[in-house]
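J.: Just work_24.pdb, nothing more (PDB, C-alpha atoms):
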ATOM      1  CA  MET A   1      -3.775  11.096  24.328
ATOM      2  CA  LYS A   2      -2.194   8.232  26.284
ATOM      3  CA  THR A   3      -5.579   6.573  26.866
ATOM      4  CA  PHE A   4      -6.422   6.976  23.196
ATOM      5  CA  LEU A   5      -3.187   5.255  22.149
ATOM      6  CA  ILE A   6      -3.693   2.401  24.597
ATOM      7  CA  ARG A   7      -7.218   1.779  23.280
ATOM      8  CA  ARG A   8      -6.030   1.766  19.679
ATOM      9  CA  ILE A   9      -3.109  -0.562  20.387
ATOM     10  CA  LEU A  10      -5.285  -3.007  22.333
ATOM     11  CA  ALA A  11      -7.766  -3.016  19.465
ATOM     12  CA  LEU A  12      -4.960  -4.206  17.176
ATOM     13  CA  VAL A  13      -4.454  -7.476  19.062
ATOM     14  CA  PRO A  14      -7.513  -9.348  17.685
ATOM     15  CA  VAL A  15      -6.955  -7.770  14.273
ATOM     16  CA  VAL A  16      -3.367  -9.027  14.102
ATOM     17  CA  PHE A  17      -4.430 -12.480  15.267
ATOM     18  CA  GLY A  18      -7.156 -12.573  12.630
ATOM     19  CA  VAL A  19      -4.708 -11.488   9.925
ATOM     20  CA  VAL A  20      -2.223 -14.191  10.892
ATOM     21  CA  THR A  21      -4.971 -16.839  10.851
ATOM     22  CA  LEU A  22      -6.368 -15.763   7.480
ATOM     23  CA  VAL A  23      -2.923 -15.628   5.912
ATOM     24  CA  PHE A  24      -2.141 -19.185   7.010
ATOM     25  CA  PHE A  25      -5.360 -20.785   5.775
ATOM     26  CA  ILE A  26      -5.569 -18.805   2.530
ATOM     27  CA  ILE A  27      -2.016 -19.722   1.558
ATOM     28  CA  HIS A  28      -2.634 -23.384   2.343
ATOM     29  CA  ALA A  29      -5.851 -23.319   0.324
ATOM     30  CA  THR A  30      -3.901 -22.281  -2.780
ATOM     31  CA  PRO A  31      -3.883 -25.147  -5.326
ATOM     32  CA  GLY A  32      -0.604 -26.939  -5.906
ATOM     33  CA  ASP A  33       1.825 -29.157  -4.029
ATOM     34  CA  PRO A  34       5.171 -27.516  -3.161
ATOM     35  CA  VAL A  35       6.803 -30.940  -2.772
ATOM     36  CA  GLU A  36       5.832 -31.906  -6.317
ATOM     37  CA  ILE A  37       7.076 -28.560  -7.622
ATOM     38  CA  MET A  38      10.396 -28.946  -5.821
ATOM     39  CA  LEU A  39      11.053 -32.575  -6.837
ATOM     40  CA  GLY A  40       9.199 -32.699 -10.136
ATOM     41  CA  GLU A  41       6.565 -35.093 -11.359
ATOM     42  CA  THR A  42       9.081 -37.892 -11.899
ATOM     43  CA  ALA A  43      10.095 -38.114  -8.223
ATOM     44  CA  SER A  44       9.336 -41.343  -6.432
ATOM     45  CA  PRO A  45       6.598 -41.481  -3.766
ATOM     46  CA  ALA A  46       9.235 -42.319  -1.145
ATOM     47  CA  ASP A  47      11.220 -39.172  -1.945
ATOM     48  CA  ARG A  48       8.055 -37.089  -1.815
ATOM     49  CA  ASP A  49       7.029 -38.522   1.537
ATOM     50  CA  THR A  50      10.502 -37.931   2.950
ATOM     51  CA  LEU A  51      10.600 -34.296   1.854
ATOM     52  CA  ARG A  52       7.034 -33.693   3.005
ATOM     53  CA  LYS A  53       7.968 -35.025   6.450
ATOM     54  CA  GLU A  54      11.100 -32.851   6.582
ATOM     55  CA  LEU A  55       9.045 -29.773   5.769
ATOM     56  CA  GLY A  56       6.343 -30.674   8.284
ATOM     57  CA  LEU A  57       3.687 -30.803   5.578
ATOM     58  CA  ASP A  58       2.666 -34.316   6.590
ATOM     59  CA  ARG A  59       1.206 -33.122   9.877
ATOM     60  CA  PRO A  60      -2.465 -32.185  10.254
ATOM     61  CA  LEU A  61      -3.322 -28.655   9.185
ATOM     62  CA  VAL A  62      -4.332 -27.707  12.725
ATOM     63  CA  VAL A  63      -0.931 -28.770  14.046
ATOM     64  CA  GLN A  64       0.790 -26.783  11.305
ATOM     65  CA  TYR A  65      -1.346 -23.777  12.222
ATOM     66  CA  ILE A  66      -0.491 -23.959  15.931
ATOM     67  CA  THR A  67       3.182 -24.306  15.059
ATOM     68  CA  PHE A  68       2.912 -21.327  12.729
ATOM     69  CA  ILE A  69       1.249 -19.150  15.367
ATOM     70  CA  GLY A  70       3.931 -20.024  17.898
ATOM     71  CA  ALA A  71       6.711 -19.297  15.423
ATOM     72  CA  VAL A  72       5.223 -15.933  14.398
ATOM     73  CA  ALA A  73       4.879 -14.958  18.062
ATOM     74  CA  THR A  74       8.629 -15.422  18.451
ATOM     75  CA  GLY A  75       9.437 -13.646  15.189
ATOM     76  CA  ASP A  76      10.421 -16.839  13.376
ATOM     77  CA  LEU A  77       8.880 -16.925   9.887
ATOM     78  CA  GLY A  78      10.731 -20.065   8.860
ATOM     79  CA  LYS A  79      12.867 -20.711   5.801
ATOM     80  CA  SER A  80      12.095 -20.637   2.124
ATOM     81  CA  LEU A  81      11.370 -24.076   0.685
ATOM     82  CA  PHE A  82      13.413 -23.311  -2.420
ATOM     83  CA  THR A  83      16.322 -21.093  -1.334
ATOM     84  CA  ASN A  84      16.569 -22.393   2.250
ATOM     85  CA  LYS A  85      17.072 -18.769   3.220
ATOM     86  CA  GLY A  86      15.370 -17.232   6.222
ATOM     87  CA  VAL A  87      12.008 -15.710   5.291
ATOM     88  CA  ALA A  88      12.535 -12.746   7.615
ATOM     89  CA  GLU A  89      15.919 -12.104   6.008
ATOM     90  CA  SER A  90      14.463 -12.219   2.493
ATOM     91  CA  ILE A  91      11.657  -9.829   3.444
ATOM     92  CA  ALA A  92      14.081  -7.454   5.175
ATOM     93  CA  GLU A  93      16.079  -7.225   1.941
ATOM     94  CA  ARG A  94      13.040  -6.454  -0.211
ATOM     95  CA  TYR A  95      10.788  -4.402   2.092
ATOM     96  CA  PRO A  96      12.798  -1.124   1.961
ATOM     97  CA  ALA A  97      12.385  -1.013  -1.833
ATOM     98  CA  THR A  98       8.601  -1.298  -1.514
ATOM     99  CA  VAL A  99       8.466   1.376   1.201
ATOM    100  CA  GLN A 100      10.605   3.676  -0.941
ATOM    101  CA  LEU A 101       8.322   3.223  -3.927
ATOM    102  CA  ALA A 102       5.171   3.691  -1.832
ATOM    103  CA  LEU A 103       6.471   6.884  -0.177
ATOM    104  CA  CYS A 104       7.533   8.398  -3.512
ATOM    105  CA  SER A 105       4.193   7.508  -5.077
ATOM    106  CA  MET A 106       2.281   9.019  -2.153
ATOM    107  CA  ALA A 107       4.399  12.183  -2.211
ATOM    108  CA  LEU A 108       3.770  12.558  -5.939
ATOM    109  CA  ALA A 109       0.039  12.002  -5.445
ATOM    110  CA  ILE A 110      -0.194  14.611  -2.673
ATOM    111  CA  ILE A 111       1.845  17.181  -4.598
ATOM    112  CA  ILE A 112      -0.543  16.842  -7.527
ATOM    113  CA  ALA A 113      -3.837  16.264  -5.701
ATOM    114  CA  ILE A 114      -3.931  18.985  -3.039
ATOM    115  CA  PRO A 115      -3.260  22.001  -5.322
ATOM    116  CA  LEU A 116      -5.497  20.533  -8.037
ATOM    117  CA  GLY A 117      -8.374  19.940  -5.595
ATOM    118  CA  VAL A 118      -8.036  23.369  -4.004
ATOM    119  CA  LEU A 119      -7.914  25.081  -7.395
ATOM    120  CA  ALA A 120     -10.969  23.173  -8.608
ATOM    121  CA  ALA A 121     -12.934  24.093  -5.466
ATOM    122  CA  ALA A 122     -11.902  27.743  -5.678
ATOM    123  CA  ARG A 123     -13.097  27.862  -9.301
ATOM    124  CA  LYS A 124     -16.177  25.722  -8.827
ATOM    125  CA  ASN A 125     -18.183  25.017 -11.999
ATOM    126  CA  SER A 126     -15.614  26.807 -14.148
ATOM    127  CA  ALA A 127     -13.586  25.442 -17.032
ATOM    128  CA  ILE A 128     -10.681  24.926 -14.621
ATOM    129  CA  ASP A 129     -12.890  22.860 -12.329
ATOM    130  CA  THR A 130     -14.204  20.770 -15.211
ATOM    131  CA  GLY A 131     -10.730  20.222 -16.614
ATOM    132  CA  ALA A 132      -9.272  19.256 -13.244
ATOM    133  CA  MET A 133     -12.008  16.718 -12.582
ATOM    134  CA  ALA A 134     -11.672  15.344 -16.110
ATOM    135  CA  VAL A 135      -7.970  14.791 -15.479
ATOM    136  CA  SER A 136      -8.722  13.071 -12.166
ATOM    137  CA  LEU A 137     -11.320  10.856 -13.815
ATOM    138  CA  LEU A 138      -8.764   9.896 -16.438
ATOM    139  CA  GLY A 139      -6.284   9.033 -13.690
ATOM    140  CA  VAL A 140      -8.760   6.758 -11.929
ATOM    141  CA  SER A 141      -9.659   5.065 -15.208
ATOM    142  CA  MET A 142      -6.097   4.066 -16.123
ATOM    143  CA  PRO A 143      -5.071   0.774 -14.444
ATOM    144  CA  SER A 144      -1.437   0.288 -13.495
ATOM    145  CA  PHE A 145      -1.050  -2.742 -15.781
ATOM    146  CA  TRP A 146      -1.872  -0.434 -18.723
ATOM    147  CA  ILE A 147      -0.195   2.833 -17.804
ATOM    148  CA  GLY A 148       3.035   1.135 -16.704
ATOM    149  CA  PRO A 149       3.878  -0.485 -20.069
ATOM    150  CA  LEU A 150       2.722   2.698 -21.831
ATOM    151  CA  LEU A 151       5.179   4.812 -19.821
ATOM    152  CA  ILE A 152       7.959   2.317 -20.532
ATOM    153  CA  LEU A 153       7.182   2.377 -24.254
ATOM    154  CA  VAL A 154       7.150   6.179 -24.481
ATOM    155  CA  PHE A 155       9.747   7.384 -21.967
ATOM    156  CA  SER A 156      12.140   4.429 -21.806
ATOM    157  CA  ILE A 157      12.150   2.755 -25.209
ATOM    158  CA  ASN A 158      11.261   5.659 -27.525
ATOM    159  CA  LEU A 159      12.777   8.618 -25.677
ATOM    160  CA  GLY A 160      15.357   6.832 -23.532
ATOM    161  CA  TRP A 161      14.862   9.186 -20.593
ATOM    162  CA  PHE A 162      14.421   6.583 -17.874
ATOM    163  CA  PRO A 163      15.519   2.982 -17.248
ATOM    164  CA  VAL A 164      13.171   0.271 -18.446
ATOM    165  CA  ALA A 165      13.274  -1.702 -15.223
ATOM    166  CA  GLY A 166      15.201  -2.353 -12.033
ATOM    167  CA  ARG A 167      16.111  -0.283  -8.993
ATOM    168  CA  GLY A 168      18.975   2.119  -9.455
ATOM    169  CA  GLY A 169      19.251   5.857  -9.002
ATOM    170  CA  ILE A 170      16.480   8.384  -8.547
ATOM    171  CA  GLU A 171      15.597   8.138 -12.241
ATOM    172  CA  SER A 172      14.513   4.534 -11.801
ATOM    173  CA  LEU A 173      11.817   5.691  -9.353
ATOM    174  CA  VAL A 174      10.091   8.106 -11.712
ATOM    175  CA  LEU A 175       8.037   5.772 -13.911
ATOM    176  CA  PRO A 176       7.020   3.311 -11.154
ATOM    177  CA  SER A 177       6.005   6.217  -8.903
ATOM    178  CA  ILE A 178       3.876   7.766 -11.638
ATOM    179  CA  THR A 179       2.274   4.392 -12.353
ATOM    180  CA  LEU A 180       1.449   3.749  -8.718
ATOM    181  CA  GLY A 181       0.588   7.332  -7.780
ATOM    182  CA  THR A 182      -1.663   8.334 -10.683
ATOM    183  CA  ALA A 183      -4.850   6.726  -9.393
ATOM    184  CA  MET A 184      -4.026   7.913  -5.875
ATOM    185  CA  ALA A 185      -3.669  11.509  -7.048
ATOM    186  CA  ALA A 186      -7.013  11.282  -8.836
ATOM    187  CA  ILE A 187      -8.811  10.000  -5.729
ATOM    188  CA  LEU A 188      -7.250  12.564  -3.387
ATOM    189  CA  SER A 189      -7.864  15.490  -5.754
ATOM    190  CA  ARG A 190     -11.581  14.699  -6.011
ATOM    191  CA  LEU A 191     -11.837  14.295  -2.245
ATOM    192  CA  THR A 192      -9.941  17.548  -1.659
ATOM    193  CA  ARG A 193     -12.281  19.384  -4.001
ATOM    194  CA  SER A 194     -15.359  17.976  -2.264
ATOM    195  CA  THR A 195     -14.208  18.814   1.257
ATOM    196  CA  MET A 196     -12.953  22.247   0.192
ATOM    197  CA  ILE A 197     -16.313  23.144  -1.363
ATOM    198  CA  GLU A 198     -18.031  22.268   1.921
ATOM    199  CA  ALA A 199     -15.487  24.251   3.926
ATOM    200  CA  LEU A 200     -15.784  27.329   1.696
ATOM    201  CA  ASP A 201     -19.512  27.496   2.446
ATOM    202  CA  GLU A 202     -18.990  27.670   6.219
ATOM    203  CA  ASP A 203     -19.724  30.818   8.214
ATOM    204  CA  TYR A 204     -16.126  31.360   9.328
ATOM    205  CA  ILE A 205     -15.083  31.637   5.663
ATOM    206  CA  VAL A 206     -17.784  34.244   5.052
ATOM    207  CA  THR A 207     -16.506  36.145   8.105
ATOM    208  CA  ALA A 208     -12.905  35.966   6.883
ATOM    209  CA  ARG A 209     -13.937  37.327   3.497
ATOM    210  CA  ALA A 210     -15.936  40.108   5.126
ATOM    211  CA  LYS A 211     -12.835  41.116   7.085
ATOM    212  CA  GLY A 212     -10.892  41.395   3.840
ATOM    213  CA  ALA A 213      -8.580  38.410   4.325
ATOM    214  CA  PRO A 214      -6.497  37.572   1.227
ATOM    215  CA  SER A 215      -7.853  34.819  -0.991
ATOM    216  CA  MET A 216      -4.790  32.607  -0.502
ATOM    217  CA  THR A 217      -5.093  32.921   3.276
ATOM    218  CA  ILE A 218      -8.758  31.955   3.119
ATOM    219  CA  LEU A 219      -8.064  28.973   0.898
ATOM    220  CA  PHE A 220      -5.013  27.480   2.559
ATOM    221  CA  ARG A 221      -5.098  28.709   6.155
ATOM    222  CA  HIS A 222      -8.805  28.661   6.937
ATOM    223  CA  ALA A 223     -10.523  26.314   4.475
ATOM    224  CA  LEU A 224      -7.816  23.733   3.753
ATOM    225  CA  SER A 225      -6.827  23.331   7.409
ATOM    226  CA  ASN A 226     -10.363  22.131   8.149
ATOM    227  CA  ALA A 227     -10.962  20.297   4.876
ATOM    228  CA  ILE A 228      -7.728  18.314   5.112
ATOM    229  CA  LEU A 229      -8.918  15.898   7.836
ATOM    230  CA  PRO A 230     -10.793  13.461   5.543
ATOM    231  CA  VAL A 231      -7.939  13.714   3.054
ATOM    232  CA  VAL A 232      -5.446  12.682   5.751
ATOM    233  CA  THR A 233      -7.586   9.659   6.583
ATOM    234  CA  VAL A 234      -7.940   8.489   2.993
ATOM    235  CA  ALA A 235      -4.270   9.202   2.216
ATOM    236  CA  GLY A 236      -3.227   7.047   5.156
ATOM    237  CA  LEU A 237      -5.506   4.207   4.130
ATOM    238  CA  GLN A 238      -4.250   4.460   0.576
ATOM    239  CA  MET A 239      -0.675   4.323   1.851
ATOM    240  CA  GLY A 240      -1.478   0.876   3.161
ATOM    241  CA  ALA A 241      -3.047   0.062  -0.177
ATOM    242  CA  LEU A 242       0.135   1.174  -1.946
ATOM    243  CA  LEU A 243       2.180  -1.253   0.131
ATOM    244  CA  ALA A 244      -0.266  -4.037  -0.654
ATOM    245  CA  GLY A 245      -1.033  -3.093  -4.246
ATOM    246  CA  ALA A 246       2.493  -2.620  -5.534
ATOM    247  CA  ILE A 247       2.646  -6.210  -6.791
ATOM    248  CA  ILE A 248       1.600  -5.363 -10.358
ATOM    249  CA  THR A 249       3.785  -2.274 -10.590
ATOM    250  CA  GLU A 250       6.806  -4.046  -9.131
ATOM    251  CA  THR A 251       6.344  -6.896 -11.593
ATOM    252  CA  ILE A 252       6.060  -4.546 -14.584
ATOM    253  CA  PHE A 253       9.212  -2.613 -13.666
ATOM    254  CA  ALA A 254      11.123  -5.588 -12.169
ATOM    255  CA  TRP A 255      11.266  -3.608  -8.943
ATOM    256  CA  PRO A 256      12.933  -5.737  -6.230
ATOM    257  CA  GLY A 257      10.261  -5.189  -3.605
ATOM    258  CA  ILE A 258       8.131  -7.372  -1.404
ATOM    259  CA  GLY A 259       5.240  -7.325  -3.890
ATOM    260  CA  ARG A 260       7.307  -9.035  -6.553
ATOM    261  CA  LEU A 261       8.731 -11.417  -3.961
ATOM    262  CA  THR A 262       5.173 -12.348  -2.946
ATOM    263  CA  LEU A 263       4.212 -13.179  -6.517
ATOM    264  CA  GLN A 264       7.306 -15.299  -6.951
ATOM    265  CA  ALA A 265       6.618 -17.158  -3.697
ATOM    266  CA  ILE A 266       2.985 -17.858  -4.591
ATOM    267  CA  THR A 267       3.937 -19.041  -8.088
ATOM    268  CA  ALA A 268       6.484 -21.441  -6.615
ATOM    269  CA  ARG A 269       4.080 -22.584  -3.847
ATOM    270  CA  ASP A 270       6.716 -21.555  -1.324
ATOM    271  CA  TYR A 271       4.416 -21.626   1.723
ATOM    272  CA  PRO A 272       6.744 -20.076   4.343
ATOM    273  CA  LEU A 273       7.883 -17.258   2.060
ATOM    274  CA  ALA A 274       4.377 -16.546   0.748
ATOM    275  CA  GLN A 275       2.974 -16.541   4.286
ATOM    276  CA  GLY A 276       5.711 -14.204   5.468
ATOM    277  CA  CYS A 277       5.228 -11.786   2.570
ATOM    278  CA  VAL A 278       1.435 -11.648   2.810
ATOM    279  CA  LEU A 279       1.645 -11.352   6.593
ATOM    280  CA  THR A 280       4.109  -8.464   6.309
ATOM    281  CA  ILE A 281       1.919  -6.633   3.795
ATOM    282  CA  SER A 282      -1.208  -7.197   5.907
ATOM    283  CA  LEU A 283       0.436  -6.036   9.125
ATOM    284  CA  SER A 284       1.842  -3.009   7.300
ATOM    285  CA  TYR A 285      -1.714  -2.059   6.389
ATOM    286  CA  VAL A 286      -2.821  -2.527  10.008
ATOM    287  CA  PHE A 287      -0.037  -0.388  11.463
ATOM    288  CA  VAL A 288      -0.442   2.295   8.816
ATOM    289  CA  ASN A 289      -4.061   2.562   9.955
ATOM    290  CA  LEU A 290      -2.836   2.953  13.530
ATOM    291  CA  ALA A 291      -0.492   5.719  12.406
ATOM    292  CA  VAL A 292      -3.400   7.424  10.631
ATOM    293  CA  ASP A 293      -5.459   7.320  13.847
ATOM    294  CA  ILE A 294      -2.588   8.958  15.729
ATOM    295  CA  VAL A 295      -2.085  11.660  13.088
ATOM    296  CA  TYR A 296      -5.829  12.286  12.981
ATOM    297  CA  ALA A 297      -5.899  12.693  16.764
ATOM    298  CA  LEU A 298      -3.025  15.166  16.570
ATOM    299  CA  VAL A 299      -4.715  17.176  13.832
ATOM    300  CA  ASP A 300      -8.145  17.110  15.503
ATOM    301  CA  PRO A 301      -7.891  16.817  19.338
ATOM    302  CA  ARG A 302     -11.611  15.978  19.561
ATOM    303  CA  ILE A 303     -10.827  12.507  18.180
ATOM    304  CA  ARG A 304      -8.813  11.620  21.297
ATOM    305  CA  TYR A 305     -11.918  11.566  23.441
ATOM    306  CA  LYS A 306     -13.986   9.249  21.255
TER
END
Go through the file and emit its structure as structure tokens.

T.:
Amino acid sequence: MKTFLIRRILALVPVVFGVVTLVFFIIHATPGDPVEIMLGETASPADRDTLRKELGLDRPLVVQYITFIGAVATGDLGKSLFTNKGVAESIAERYPATVQLALCSMALAIIIAIPLGVLAAARKNSAIDTGAMAVSLLGVSMPSFWIGPLLILVFSINLGWFPVAGRGGIESLVLPSITLGTAMAAILSRLTRSTMIEALDEDYIVTARAKGAPSMTILFRHALSNAILPVVTVAGLQMGALLAGAIITETIFAWPGIGRLTLQAITARDYPLAQGCVLTISLSYVFVNLAVDIVYALVDPRIRYK
């Protein structure tokens, strides 16, 4: 297990370096001049040149890149061009909200998907199976920018059950979690059904049935324990996607997370803040994948030797 972890961690080094490089050049390729946005179109050329020099934007892009790499290596993400607040501090304030939303959305997706997939596989080609897959198809087909406002209209404005926006008590998590977790539940339920159908056709399941094992034991102890491996992998990858894809949902519900902060930074052409946010999201995805590899190795010891 130790050798496996060392190999996986070493493999992250070039990935992290590549992510940092891509983040820098993509952000700088975004149209717009932050100096012009900060000072306005009526500012004099002298004022623009002075501010550009203070921000280091007058230096060649390669020099800015080397400086950026060195700063990231020391944990310094710079300061926001507009608030003059430390980027790392701003991200630290917003990141917990995004993690909370992602975890709640994933938990909701798993609670719905696993039982639904198992039930559909156990009743293959029945009305239950058809209905379950129809529901999952509906979930995949509903984008967050559509289902979010719909939930607000029905459950917040018309019924008044939940807050319209903002982060407050547990009730404020319900609608954003449903919005973000619906598509995830649909994907995981279809995958669970597929892997369960394969597992139920294996010889050890036939043997367990011949021995008179209870149906629930066969489904959840024998079949699901072997069918869950691909589901764990996809769920982990989707967890990274939740962290990265929460921008739309956070914007709809005014959720004070890193996704909304990223959109605000990009709109304002705040290079340091945008770089820090995108870098944090990208690295979150990378380290979630590492965590998935570790969990997968724990669930299936054969993976450790590959």

J.: Determine, counting all atoms listed in the file, every residue of protein, DNA or RNA that lies within 10 Å of (-2.4, 7.1, -1.4) in the file coordinates, then give the result as an mmCIF file with C-alpha atoms, in the frame of the given file.

T.:
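In the end it all went to point_22.cif:
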data_model
loop_
_atom_site.group_PDB
_atom_site.id
_atom_site.type_symbol
_atom_site.label_atom_id
_atom_site.label_comp_id
_atom_site.auth_asym_id
_atom_site.auth_seq_id
_atom_site.Cartn_x
_atom_site.Cartn_y
_atom_site.Cartn_z
ATOM 1 C CA ALA A 102 5.171 3.691 -1.832
ATOM 2 C CA LEU A 103 6.471 6.884 -0.177
ATOM 3 C CA SER A 105 4.193 7.508 -5.077
ATOM 4 C CA MET A 106 2.281 9.019 -2.153
ATOM 5 C CA ALA A 107 4.399 12.183 -2.211
ATOM 6 C CA LEU A 108 3.770 12.558 -5.939
ATOM 7 C CA ALA A 109 0.039 12.002 -5.445
ATOM 8 C CA ILE A 110 -0.194 14.611 -2.673
ATOM 9 C CA LEU A 180 1.449 3.749 -8.718
ATOM 10 C CA GLY A 181 0.588 7.332 -7.780
ATOM 11 C CA THR A 182 -1.663 8.334 -10.683
ATOM 12 C CA ALA A 183 -4.850 6.726 -9.393
ATOM 13 C CA MET A 184 -4.026 7.913 -5.875
ATOM 14 C CA ALA A 185 -3.669 11.509 -7.048
ATOM 15 C CA ALA A 186 -7.013 11.282 -8.836
ATOM 16 C CA ILE A 187 -8.811 10.000 -5.729
ATOM 17 C CA LEU A 188 -7.250 12.564 -3.387
ATOM 18 C CA VAL A 231 -7.939 13.714 3.054
ATOM 19 C CA VAL A 232 -5.446 12.682 5.751
ATOM 20 C CA THR A 233 -7.586 9.659 6.583
ATOM 21 C CA VAL A 234 -7.940 8.489 2.993
ATOM 22 C CA ALA A 235 -4.270 9.202 2.216
ATOM 23 C CA GLY A 236 -3.227 7.047 5.156
ATOM 24 C CA LEU A 237 -5.506 4.207 4.130
ATOM 25 C CA GLN A 238 -4.250 4.460 0.576
ATOM 26 C CA MET A 239 -0.675 4.323 1.851
ATOM 27 C CA GLY A 240 -1.478 0.876 3.161
ATOM 28 C CA ALA A 241 -3.047 0.062 -0.177
ATOM 29 C CA LEU A 242 0.135 1.174 -1.946
ATOM 30 C CA LEU A 243 2.180 -1.253 0.131
#

J.: If we count only C-alpha atoms and set the cut-off at 8 Å, which residues sit around Cys104 (chain A), ignoring sequence neighbours fewer than 4 positions away in its own chain? Please answer as a list in words.

T.: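 Residues near the query, excluding close chain neighbours: Gln100, Leu108, Leu173 and Ser177 of chain A.
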
J.: Put the listed atoms of region 62-78 of chain A in a box along x, y and z with 8 Å added on every side and give me the centre and edge lengths in Å to one decimal, as AutoDock Vina command-line options.

T.:
--center_x 3.2 --center_y -21.2 --center_z 13.7 --size_x 31.1 --size_y 31.1 --size_z 25.6

J.: On this file, the PyMOL selection byres ((chain A and resi 224) around 12) gives some set of residues; write that set as a ChimeraX atom specification.

T.: /A:114-115,117-119,121-122,191-200,205,216-223,225-232

J.: Within 12 Å of (-0.8, 0.3, 12.6) (file coordinates; all atoms listed in the file), which protein or nucleic acid residues are there? I'd like them as a VMD selection string.

T.: chain A and resid 5 8 to 13 15 to 16 236 to 237 239 to 240 280 to 295

J.: Could you give me, as an NGL selection string, the residues within 10 Å of Pro96 (chain A), counting all atoms listed in the file and dropping anything in the same chain fewer than 6 positions from it?

T.: :A and (102 or 256-258)

J.: Can you pull out the residues contacting region 151-157 of chain A? Cut-off 10 Å, using only C-alpha atoms, and skip same-chain residues under 5 positions away; I want them as an NGL selection string.

T.: :A and (146 or 162-165 or 175-176 or 178-179 or 252-253)

J.: Identify all residues satisfying the PyMOL selection byres ((chain A and resi 79) around 12) in the given file; provide them as a ChimeraX atom specification.

T.: /A:55,71,76-78,80-91,265,270-276

J.: Nearest residue to Ile112 (chain A) out of A:Ser189, A:Thr207, A:Thr98, A:Thr74, using all atoms listed in the file?

T.: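 Nearest to Ile112 (chain A): A:Ser189.
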
J.: Could you jot down the CA of Ile247 (chain A) to CA of Leu261 (chain A) separation for me, Å, one decimal place?

T.: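 So the two atoms, CA of Ile247 (chain A) and CA of Leu261 (chain A), lie 8.5 Å apart.
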
J.: I need the residue nearest Val278 (chain A) from this list: A:Ile27, A:Ile6, A:Ala134, A:Leu101. Use all atoms listed in the file for the distance.

T.: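 Among the listed residues, A:Ile27 lies closest to Val278 (chain A).
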
J.: Using all atoms listed in the file, which of the listed residues (A:Ser215, A:Asn158, A:Ser44, A:Ser172) sits closest to Ala97 (chain A)?

T.: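 The shortest atom-to-atom distance to Ala97 (chain A) comes from A:Ser172.
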
J.: What gap, in Å, lies between CA of Ala246 (chain A) and CA of Gly259 (chain A)?

T.: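 For CA of Ala246 (chain A) relative to CA of Gly259 (chain A), the distance reads 5.7 Å.
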